[in-house]
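Colleague: One structure is given below, represented as structure tokens, and several questions about it will come after.
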Amino acid sequence: MQRDDAFIRAWRDTATRALDPEDEDRARPPLHFRTLWISDLHLGTPGCQARALLDFLKHTECETLFLVGDIIDGWQLKRHWYWPQAHNDVIQKLLRKARKGTRVIFIPGNHDEFARKYLHHNFGGIDVAEEWIHETADGRKLWIIHGDLFDGVIQCAKWLAYVGDSLYEFTLKLNRHLNSLRARMGLPYWSLSKYLKGKVKRAVSYVGDFEAAVAREARNRGAQGVVCGHIHHAEMRDIDGILYCNDGDWVESLTALAEHADGKLEIIDWAQHMPVPAKSTPAREAIAA
């Protein structure tokens, strides 16, 4: 089995299936935006927050949707095939948005680098591109790129990136167990790995170097800003006159970048929009048992 073709198989396998009936749920009216950016979904891994992502896709509408890399995790799929129904549903929801008129642009990252051999192709209405220049409603030009080309570890020591990826998966496994417990207690989602990265000085330095490098290249390309992903750290700030935007991820942060009709940009923390699970009571637990 050629697992490098997971991207193509996922698109084809889900193209004719029906979505979950819950897809038609309109209890919460959708939020409308001019443009949305999401990245680092890591479909094909247990760490992907697919149900939260489906909730986001069901309750947002936009004219253009950018998928800014690491949508499907080819690295993990090579080691172990993992593709539950919820991940099919995410792909299908993206295809449905494309069919209904949303322009969907996919820019591959390092975890789905196998898709880079399909640049300039269109799959189910989704365009595959290496990079993009997006003009906001207020006339600013934003350079869209995943960002792995500015990661020294990826470029100079890819073996180290694979080791780090395995350790990261272990942290995410702990994170899933922790949040399962928090959900039973009626508490909202909280990211352990995001907290740990914020406490490690070297990781903070790495993030700063990455952001500066990406912003510098955006300036060289004549853009007023840049939108990227890759480092799983949602951020929007000025770096030497360049607007740096990172849309975060759907493994730890559950974040997206949004453009409003007037060109205003903001980071959306979807964990704040999702309903908090009701705290379990002894009676409910007895019934469930």
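Following the order of the structure tokens, chains are lettered A, B, ..., residues in each are numbered from 1, and ligands are numbered from 1.
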So that each row is one residue of range 70-150 of chain A with an atom at most 9 Å from range 211-221 of chain A, can you give its shortest atom pair and the distance in Å to one decimal, using only C-alpha atoms, rows by chain and rising number, as JSON lines?
Modeller:
```
{"residue": "A:Leu142", "atom": "CA", "partner": "A:Ala218", "partner_atom": "CA", "distance": 8.0}
{"residue": "A:Trp143", "atom": "CA", "partner": "A:Ala218", "partner_atom": "CA", "distance": 6.3}
{"residue": "A:Gly147", "atom": "CA", "partner": "A:Val214", "partner_atom": "CA", "distance": 7.2}
{"residue": "A:Phe150", "atom": "CA", "partner": "A:Ala213", "partner_atom": "CA", "distance": 6.6}
```
Colleague: Quick one: everything within 6 Å of range 33-35 of chain A, counting only C-alpha atoms, minus sequence neighbours fewer than 2 positions away in the same chain. Send it as a list in words.
Modeller: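 Contacts, with the query itself left out: Cys62, Glu63, Thr64, Leu65, Ala258, Glu259, His260 and Ala261 of chain A.
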Colleague: If we count only C-alpha atoms and set the cut-off at 8 Å, which residues sit around range 100-114 of chain A, ignoring sequence neighbours fewer than 2 positions away in its own chain? Please answer as a PyMOL selection string.
Modeller: chain A and resi 4-5+7+42+62-75+94+96-98+116-117+125-131+145-148+230
Colleague: Mind pulling up the distance from CA of Asn246 in chain A to CA of His273 in chain A?
Modeller: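 So the two atoms, CA of His273 in chain A and CA of Asn246 in chain A, lie 19.5 Å apart.
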Colleague: Nearest to Pro188 in chain A: which of A:Ala271, A:His121, A:Gly241, A:Ala115 is it, counting only C-alpha atoms?
Modeller: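 Smallest distance to Pro188 in chain A is found for A:Ala271.
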Colleague: With only C-alpha atoms as the counted atoms, please give the residues lying no more than 9 Å from Leu53 in chain A, apart from itself and same-chain residues fewer than 5 positions off, as a PyMOL selection string.
Modeller: chain A and resi 41+48+58+90+250+254+270
Colleague: Would you export the selected residues with N, CA, C and O atoms as a tab-separated table (two decimals), in the first residue's frame, please?
Modeller:
```tsv
chain	number	residue	atom	x	y	z
A	41	LEU	N	-4.08	20.42	10.95
A	41	LEU	CA	-5.18	19.59	11.41
A	41	LEU	C	-4.66	18.22	11.84
A	41	LEU	O	-5.19	17.61	12.76
A	48	CYS	N	-5.55	14.60	16.41
A	48	CYS	CA	-6.41	15.54	15.69
A	48	CYS	C	-7.74	15.70	16.41
A	48	CYS	O	-8.43	14.73	16.71
A	58	LYS	N	-18.91	23.48	10.60
A	58	LYS	CA	-20.38	23.55	10.52
A	58	LYS	C	-20.91	24.93	10.89
A	58	LYS	O	-21.94	25.35	10.37
A	90	VAL	N	-14.48	15.23	8.13
A	90	VAL	CA	-13.81	16.52	7.94
A	90	VAL	C	-13.51	16.75	6.46
A	90	VAL	O	-13.80	17.82	5.91
A	250	TRP	N	-5.16	22.48	15.09
A	250	TRP	CA	-6.34	21.77	15.58
A	250	TRP	C	-5.94	20.47	16.27
A	250	TRP	O	-6.63	19.47	16.19
A	254	LEU	N	-6.92	24.66	18.78
A	254	LEU	CA	-8.26	24.82	18.21
A	254	LEU	C	-8.47	26.27	17.77
A	254	LEU	O	-9.44	26.92	18.15
A	270	TRP	N	-11.58	28.59	18.99
A	270	TRP	CA	-12.87	27.90	18.88
A	270	TRP	C	-13.28	27.20	20.16
A	270	TRP	O	-14.46	26.91	20.38
```
Colleague: What is the CA of Ile239 in chain A-CA of Gly222 in chain A distance in Å, reported with one decimal?
Modeller: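 CA of Ile239 in chain A sits 14.5 Å away from CA of Gly222 in chain A.
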Colleague: Record the distance separating CA of Glu135 in chain A and CA of Cys228 in chain A, expressed in Å with one decimal.
Modeller: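 So the two atoms, CA of Glu135 in chain A and CA of Cys228 in chain A, lie 15.2 Å apart.
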Colleague: Using the chain letters and numbers from this document, which residues of range 5-119 of chain A does DSSP assign to alpha helix (DSSP H), as a compact mmCIF listing (two decimals) with all heavy atoms, in the first residue's frame?
Modeller:
```txt
# COMPACT_ATOMS: atom_id res chain seq x y z
N ALA A 6 -2.06 9.00 0.65
CA ALA A 6 -3.19 9.11 1.58
C ALA A 6 -4.07 10.30 1.24
O ALA A 6 -5.29 10.24 1.35
CB ALA A 6 -2.68 9.23 3.02
N PHE A 7 -3.45 11.38 0.82
CA PHE A 7 -4.20 12.59 0.46
C PHE A 7 -5.21 12.31 -0.64
O PHE A 7 -6.39 12.64 -0.52
CB PHE A 7 -3.21 13.67 0.03
CG PHE A 7 -3.84 14.87 -0.63
CD1 PHE A 7 -4.45 15.84 0.13
CD2 PHE A 7 -3.81 15.03 -2.00
CE1 PHE A 7 -5.02 16.95 -0.46
CE2 PHE A 7 -4.37 16.13 -2.60
CZ PHE A 7 -4.98 17.09 -1.83
N ILE A 8 -4.75 11.63 -1.70
CA ILE A 8 -5.63 11.35 -2.83
C ILE A 8 -6.70 10.33 -2.44
O ILE A 8 -7.87 10.49 -2.76
CB ILE A 8 -4.80 10.82 -4.02
CG1 ILE A 8 -3.78 11.88 -4.43
CG2 ILE A 8 -5.71 10.46 -5.18
CD1 ILE A 8 -4.38 13.19 -4.82
N ARG A 9 -6.31 9.30 -1.70
CA ARG A 9 -7.28 8.29 -1.30
C ARG A 9 -8.37 8.87 -0.41
O ARG A 9 -9.54 8.56 -0.55
CB ARG A 9 -6.58 7.13 -0.57
CG ARG A 9 -5.70 6.30 -1.47
CD ARG A 9 -5.60 4.86 -0.96
NE ARG A 9 -5.30 4.83 0.47
CZ ARG A 9 -4.08 4.95 0.97
NH1 ARG A 9 -3.05 5.19 0.17
NH2 ARG A 9 -3.88 4.88 2.27
N ALA A 10 -7.94 9.73 0.50
CA ALA A 10 -8.93 10.33 1.42
C ALA A 10 -9.94 11.15 0.65
O ALA A 10 -11.14 11.14 0.94
CB ALA A 10 -8.22 11.18 2.46
N TRP A 11 -9.43 11.91 -0.34
CA TRP A 11 -10.35 12.73 -1.15
C TRP A 11 -11.32 11.84 -1.93
O TRP A 11 -12.51 12.07 -1.97
CB TRP A 11 -9.52 13.58 -2.11
CG TRP A 11 -9.55 15.05 -1.85
CD1 TRP A 11 -9.99 16.03 -2.68
CD2 TRP A 11 -9.11 15.71 -0.65
NE1 TRP A 11 -9.83 17.25 -2.08
CE2 TRP A 11 -9.31 17.09 -0.85
CE3 TRP A 11 -8.58 15.28 0.55
CZ2 TRP A 11 -8.98 18.03 0.11
CZ3 TRP A 11 -8.24 16.22 1.51
CH2 TRP A 11 -8.46 17.57 1.28
N ARG A 12 -10.81 10.78 -2.57
CA ARG A 12 -11.64 9.92 -3.41
C ARG A 12 -12.59 9.06 -2.59
O ARG A 12 -13.75 8.86 -2.96
CB ARG A 12 -10.76 9.04 -4.28
CG ARG A 12 -10.01 9.82 -5.36
CD ARG A 12 -9.03 8.94 -6.09
NE ARG A 12 -8.37 9.67 -7.18
CZ ARG A 12 -7.33 9.22 -7.87
NH1 ARG A 12 -6.82 8.03 -7.59
NH2 ARG A 12 -6.80 9.95 -8.83
N ASP A 13 -12.09 8.54 -1.47
CA ASP A 13 -12.90 7.62 -0.67
C ASP A 13 -14.12 8.29 -0.06
O ASP A 13 -15.11 7.64 0.24
CB ASP A 13 -12.06 7.02 0.46
CG ASP A 13 -11.03 6.03 -0.07
OD1 ASP A 13 -11.13 5.68 -1.27
OD2 ASP A 13 -10.14 5.63 0.70
N THR A 14 -14.03 9.61 0.16
CA THR A 14 -15.13 10.29 0.85
C THR A 14 -16.01 11.09 -0.09
O THR A 14 -16.99 11.68 0.34
CB THR A 14 -14.58 11.23 1.93
OG1 THR A 14 -13.76 12.21 1.30
CG2 THR A 14 -13.77 10.47 2.96
N ALA A 50 -10.79 16.22 15.65
CA ALA A 50 -11.67 16.21 14.49
C ALA A 50 -13.08 16.69 14.82
O ALA A 50 -13.71 17.38 14.02
CB ALA A 50 -11.71 14.81 13.88
N ARG A 51 -13.60 16.33 15.98
CA ARG A 51 -14.98 16.73 16.30
C ARG A 51 -15.07 18.23 16.56
O ARG A 51 -16.05 18.86 16.16
CB ARG A 51 -15.48 15.92 17.49
CG ARG A 51 -15.51 14.42 17.19
CD ARG A 51 -16.47 13.66 18.06
NE ARG A 51 -16.47 12.23 17.70
CZ ARG A 51 -17.15 11.72 16.69
NH1 ARG A 51 -17.88 12.51 15.92
NH2 ARG A 51 -17.09 10.43 16.43
N ALA A 52 -14.06 18.78 17.20
CA ALA A 52 -14.04 20.24 17.37
C ALA A 52 -13.91 20.92 16.02
O ALA A 52 -14.54 21.96 15.76
CB ALA A 52 -12.89 20.64 18.29
N LEU A 53 -13.10 20.35 15.13
CA LEU A 53 -12.93 20.90 13.80
C LEU A 53 -14.22 20.86 13.00
O LEU A 53 -14.59 21.82 12.31
CB LEU A 53 -11.82 20.15 13.08
CG LEU A 53 -11.50 20.57 11.65
CD1 LEU A 53 -11.11 22.03 11.58
CD2 LEU A 53 -10.38 19.69 11.09
N LEU A 54 -14.94 19.74 13.10
CA LEU A 54 -16.24 19.65 12.42
C LEU A 54 -17.21 20.69 12.96
O LEU A 54 -17.97 21.29 12.19
CB LEU A 54 -16.81 18.25 12.60
CG LEU A 54 -16.25 17.16 11.68
CD1 LEU A 54 -16.71 15.78 12.15
CD2 LEU A 54 -16.68 17.41 10.24
N ASP A 55 -17.19 20.91 14.26
CA ASP A 55 -18.05 21.93 14.86
C ASP A 55 -17.71 23.30 14.28
O ASP A 55 -18.61 24.09 13.96
CB ASP A 55 -17.86 21.93 16.38
CG ASP A 55 -18.86 22.84 17.08
OD1 ASP A 55 -20.04 22.46 17.18
OD2 ASP A 55 -18.45 23.94 17.52
N PHE A 56 -16.42 23.58 14.12
CA PHE A 56 -15.98 24.85 13.52
C PHE A 56 -16.46 24.97 12.07
O PHE A 56 -17.00 26.00 11.67
CB PHE A 56 -14.45 24.93 13.58
CG PHE A 56 -13.86 26.05 12.79
CD1 PHE A 56 -13.83 27.35 13.28
CD2 PHE A 56 -13.32 25.81 11.52
CE1 PHE A 56 -13.28 28.38 12.54
CE2 PHE A 56 -12.77 26.84 10.77
CZ PHE A 56 -12.75 28.13 11.28
N LEU A 57 -16.25 23.92 11.30
CA LEU A 57 -16.63 23.97 9.88
C LEU A 57 -18.14 24.08 9.70
O LEU A 57 -18.62 24.72 8.75
CB LEU A 57 -16.11 22.72 9.16
CG LEU A 57 -14.59 22.60 9.05
CD1 LEU A 57 -14.20 21.24 8.47
CD2 LEU A 57 -14.01 23.74 8.20
N LYS A 58 -18.91 23.48 10.60
CA LYS A 58 -20.38 23.55 10.52
C LYS A 58 -20.91 24.93 10.89
O LYS A 58 -21.94 25.35 10.37
CB LYS A 58 -21.01 22.51 11.45
CG LYS A 58 -20.88 21.09 10.96
CD LYS A 58 -21.85 20.16 11.68
CE LYS A 58 -21.53 20.03 13.14
NZ LYS A 58 -22.43 19.06 13.81
N GLY A 74 1.00 12.63 6.79
CA GLY A 74 1.61 11.51 6.10
C GLY A 74 2.69 10.83 6.91
O GLY A 74 2.91 9.62 6.77
N TRP A 75 3.39 11.58 7.76
CA TRP A 75 4.44 10.98 8.59
C TRP A 75 3.85 9.90 9.49
O TRP A 75 4.39 8.79 9.59
CB TRP A 75 5.12 12.04 9.47
CG TRP A 75 5.96 13.02 8.73
CD1 TRP A 75 6.03 13.22 7.38
CD2 TRP A 75 6.86 13.97 9.32
NE1 TRP A 75 6.90 14.23 7.09
CE2 TRP A 75 7.43 14.70 8.25
CE3 TRP A 75 7.22 14.27 10.63
CZ2 TRP A 75 8.36 15.73 8.48
CZ3 TRP A 75 8.15 15.28 10.86
CH2 TRP A 75 8.72 16.00 9.79
N GLN A 76 2.74 10.22 10.16
CA GLN A 76 2.11 9.26 11.07
C GLN A 76 1.46 8.10 10.32
O GLN A 76 1.51 6.96 10.76
CB GLN A 76 1.07 9.97 11.94
CG GLN A 76 1.65 10.88 13.00
CD GLN A 76 2.36 10.11 14.10
OE1 GLN A 76 1.98 9.00 14.43
NE2 GLN A 76 3.40 10.71 14.65
N LEU A 77 0.87 8.40 9.17
CA LEU A 77 0.19 7.35 8.41
C LEU A 77 1.19 6.33 7.87
O LEU A 77 0.83 5.16 7.68
CB LEU A 77 -0.61 7.98 7.27
CG LEU A 77 -1.86 8.74 7.70
CD1 LEU A 77 -2.49 9.44 6.50
CD2 LEU A 77 -2.87 7.83 8.38
N LYS A 78 2.42 6.74 7.62
CA LYS A 78 3.45 5.80 7.20
C LYS A 78 3.78 4.81 8.31
O LYS A 78 4.03 3.63 8.07
CB LYS A 78 4.72 6.54 6.79
CG LYS A 78 4.67 7.19 5.42
CD LYS A 78 6.01 7.86 5.12
CE LYS A 78 5.98 8.53 3.76
NZ LYS A 78 7.27 9.19 3.46
N ARG A 79 3.78 5.29 9.55
CA ARG A 79 4.12 4.45 10.69
C ARG A 79 2.94 3.59 11.13
O ARG A 79 3.11 2.44 11.52
CB ARG A 79 4.59 5.32 11.87
CG ARG A 79 5.90 6.04 11.61
CD ARG A 79 6.51 6.51 12.92
NE ARG A 79 5.77 7.62 13.52
CZ ARG A 79 6.15 8.89 13.41
NH1 ARG A 79 7.22 9.21 12.70
NH2 ARG A 79 5.45 9.84 14.00
N GLN A 85 -13.89 7.53 11.19
CA GLN A 85 -14.97 8.16 10.44
C GLN A 85 -14.97 9.68 10.59
O GLN A 85 -15.28 10.41 9.63
CB GLN A 85 -16.32 7.60 10.89
CG GLN A 85 -17.52 8.16 10.12
CD GLN A 85 -17.44 7.87 8.63
OE1 GLN A 85 -17.10 6.75 8.23
NE2 GLN A 85 -17.71 8.87 7.80
N ALA A 86 -14.64 10.18 11.78
CA ALA A 86 -14.65 11.63 11.99
C ALA A 86 -13.68 12.33 11.05
O ALA A 86 -13.93 13.46 10.61
CB ALA A 86 -14.30 11.95 13.44
N HIS A 87 -12.57 11.67 10.69
CA HIS A 87 -11.61 12.27 9.78
C HIS A 87 -12.15 12.26 8.35
O HIS A 87 -11.91 13.21 7.58
CB HIS A 87 -10.27 11.54 9.88
CG HIS A 87 -9.61 11.70 11.22
ND1 HIS A 87 -8.25 11.63 11.40
CD2 HIS A 87 -10.13 11.93 12.46
CE1 HIS A 87 -7.95 11.81 12.69
NE2 HIS A 87 -9.10 11.99 13.34
N ASN A 88 -12.88 11.19 8.00
CA ASN A 88 -13.60 11.20 6.72
C ASN A 88 -14.58 12.36 6.67
O ASN A 88 -14.72 13.04 5.64
CB ASN A 88 -14.38 9.90 6.55
CG ASN A 88 -13.62 8.86 5.76
OD1 ASN A 88 -12.69 9.18 5.03
ND2 ASN A 88 -14.01 7.61 5.91
N ASP A 89 -15.28 12.58 7.76
CA ASP A 89 -16.30 13.63 7.80
C ASP A 89 -15.68 15.02 7.59
O ASP A 89 -16.30 15.88 6.96
CB ASP A 89 -17.05 13.59 9.13
CG ASP A 89 -17.90 12.34 9.29
OD1 ASP A 89 -18.17 11.67 8.27
OD2 ASP A 89 -18.27 12.02 10.43
N VAL A 90 -14.48 15.23 8.13
CA VAL A 90 -13.81 16.52 7.94
C VAL A 90 -13.51 16.75 6.46
O VAL A 90 -13.80 17.82 5.91
CB VAL A 90 -12.50 16.59 8.76
CG1 VAL A 90 -11.67 17.81 8.35
CG2 VAL A 90 -12.81 16.65 10.25
N ILE A 91 -12.93 15.73 5.80
CA ILE A 91 -12.62 15.85 4.37
C ILE A 91 -13.90 16.11 3.59
O ILE A 91 -13.95 16.97 2.69
CB ILE A 91 -11.93 14.57 3.85
CG1 ILE A 91 -10.56 14.39 4.51
CG2 ILE A 91 -11.79 14.62 2.33
CD1 ILE A 91 -9.56 15.47 4.18
N GLN A 92 -14.95 15.39 3.94
CA GLN A 92 -16.20 15.55 3.20
C GLN A 92 -16.81 16.92 3.41
O GLN A 92 -17.40 17.51 2.48
CB GLN A 92 -17.17 14.45 3.63
CG GLN A 92 -18.29 14.21 2.62
CD GLN A 92 -18.94 12.88 2.86
OE1 GLN A 92 -19.41 12.63 3.97
NE2 GLN A 92 -18.97 12.03 1.86
N LYS A 93 -16.68 17.44 4.61
CA LYS A 93 -17.21 18.78 4.88
C LYS A 93 -16.46 19.83 4.06
O LYS A 93 -17.06 20.78 3.55
CB LYS A 93 -17.11 19.09 6.38
CG LYS A 93 -17.74 20.41 6.79
CD LYS A 93 -19.23 20.43 6.50
CE LYS A 93 -19.86 21.74 6.95
NZ LYS A 93 -21.29 21.81 6.57
N LEU A 94 -15.15 19.66 3.93
CA LEU A 94 -14.36 20.57 3.10
C LEU A 94 -14.80 20.48 1.63
O LEU A 94 -14.93 21.51 0.95
CB LEU A 94 -12.88 20.25 3.23
CG LEU A 94 -12.25 20.52 4.61
CD1 LEU A 94 -10.84 19.95 4.66
CD2 LEU A 94 -12.24 22.00 4.93
N LEU A 95 -15.03 19.26 1.15
CA LEU A 95 -15.50 19.07 -0.22
C LEU A 95 -16.87 19.70 -0.42
O LEU A 95 -17.15 20.31 -1.47
CB LEU A 95 -15.55 17.58 -0.55
CG LEU A 95 -14.20 16.88 -0.69
CD1 LEU A 95 -14.38 15.36 -0.71
CD2 LEU A 95 -13.47 17.34 -1.94
N ARG A 96 -17.74 19.57 0.57
CA ARG A 96 -19.08 20.16 0.46
C ARG A 96 -18.99 21.68 0.39
O ARG A 96 -19.70 22.32 -0.39
CB ARG A 96 -19.96 19.73 1.63
CG ARG A 96 -21.29 20.47 1.68
CD ARG A 96 -22.22 19.96 2.75
NE ARG A 96 -22.90 18.76 2.29
CZ ARG A 96 -23.97 18.25 2.89
NH1 ARG A 96 -24.45 18.81 3.98
NH2 ARG A 96 -24.56 17.17 2.42
N LYS A 97 -18.12 22.26 1.20
CA LYS A 97 -17.95 23.72 1.15
C LYS A 97 -17.50 24.16 -0.24
O LYS A 97 -17.98 25.17 -0.77
CB LYS A 97 -16.95 24.17 2.22
CG LYS A 97 -17.52 24.24 3.62
CD LYS A 97 -16.51 24.79 4.61
CE LYS A 97 -17.12 24.98 5.99
NZ LYS A 97 -18.14 26.05 6.03
N ALA A 98 -16.56 23.40 -0.83
CA ALA A 98 -16.09 23.73 -2.17
C ALA A 98 -17.22 23.62 -3.19
O ALA A 98 -17.36 24.48 -4.07
CB ALA A 98 -14.93 22.81 -2.55
N ARG A 99 -18.04 22.58 -3.07
CA ARG A 99 -19.16 22.42 -4.00
C ARG A 99 -20.19 23.54 -3.87
O ARG A 99 -20.84 23.92 -4.85
CB ARG A 99 -19.86 21.07 -3.76
CG ARG A 99 -19.08 19.86 -4.21
CD ARG A 99 -19.98 18.64 -4.35
NE ARG A 99 -20.70 18.35 -3.12
CZ ARG A 99 -20.26 17.55 -2.16
NH1 ARG A 99 -19.06 17.00 -2.27
NH2 ARG A 99 -20.99 17.31 -1.09
```
Colleague: Considering only C-alpha atoms, return as a PyMOL selection string whatever protein or nucleic-acid residues lie within 7 Å of Ala234 in chain A, sequence-local ones (same chain, fewer than 4 positions apart) excluded.
Modeller: chain A and resi 246-248+255
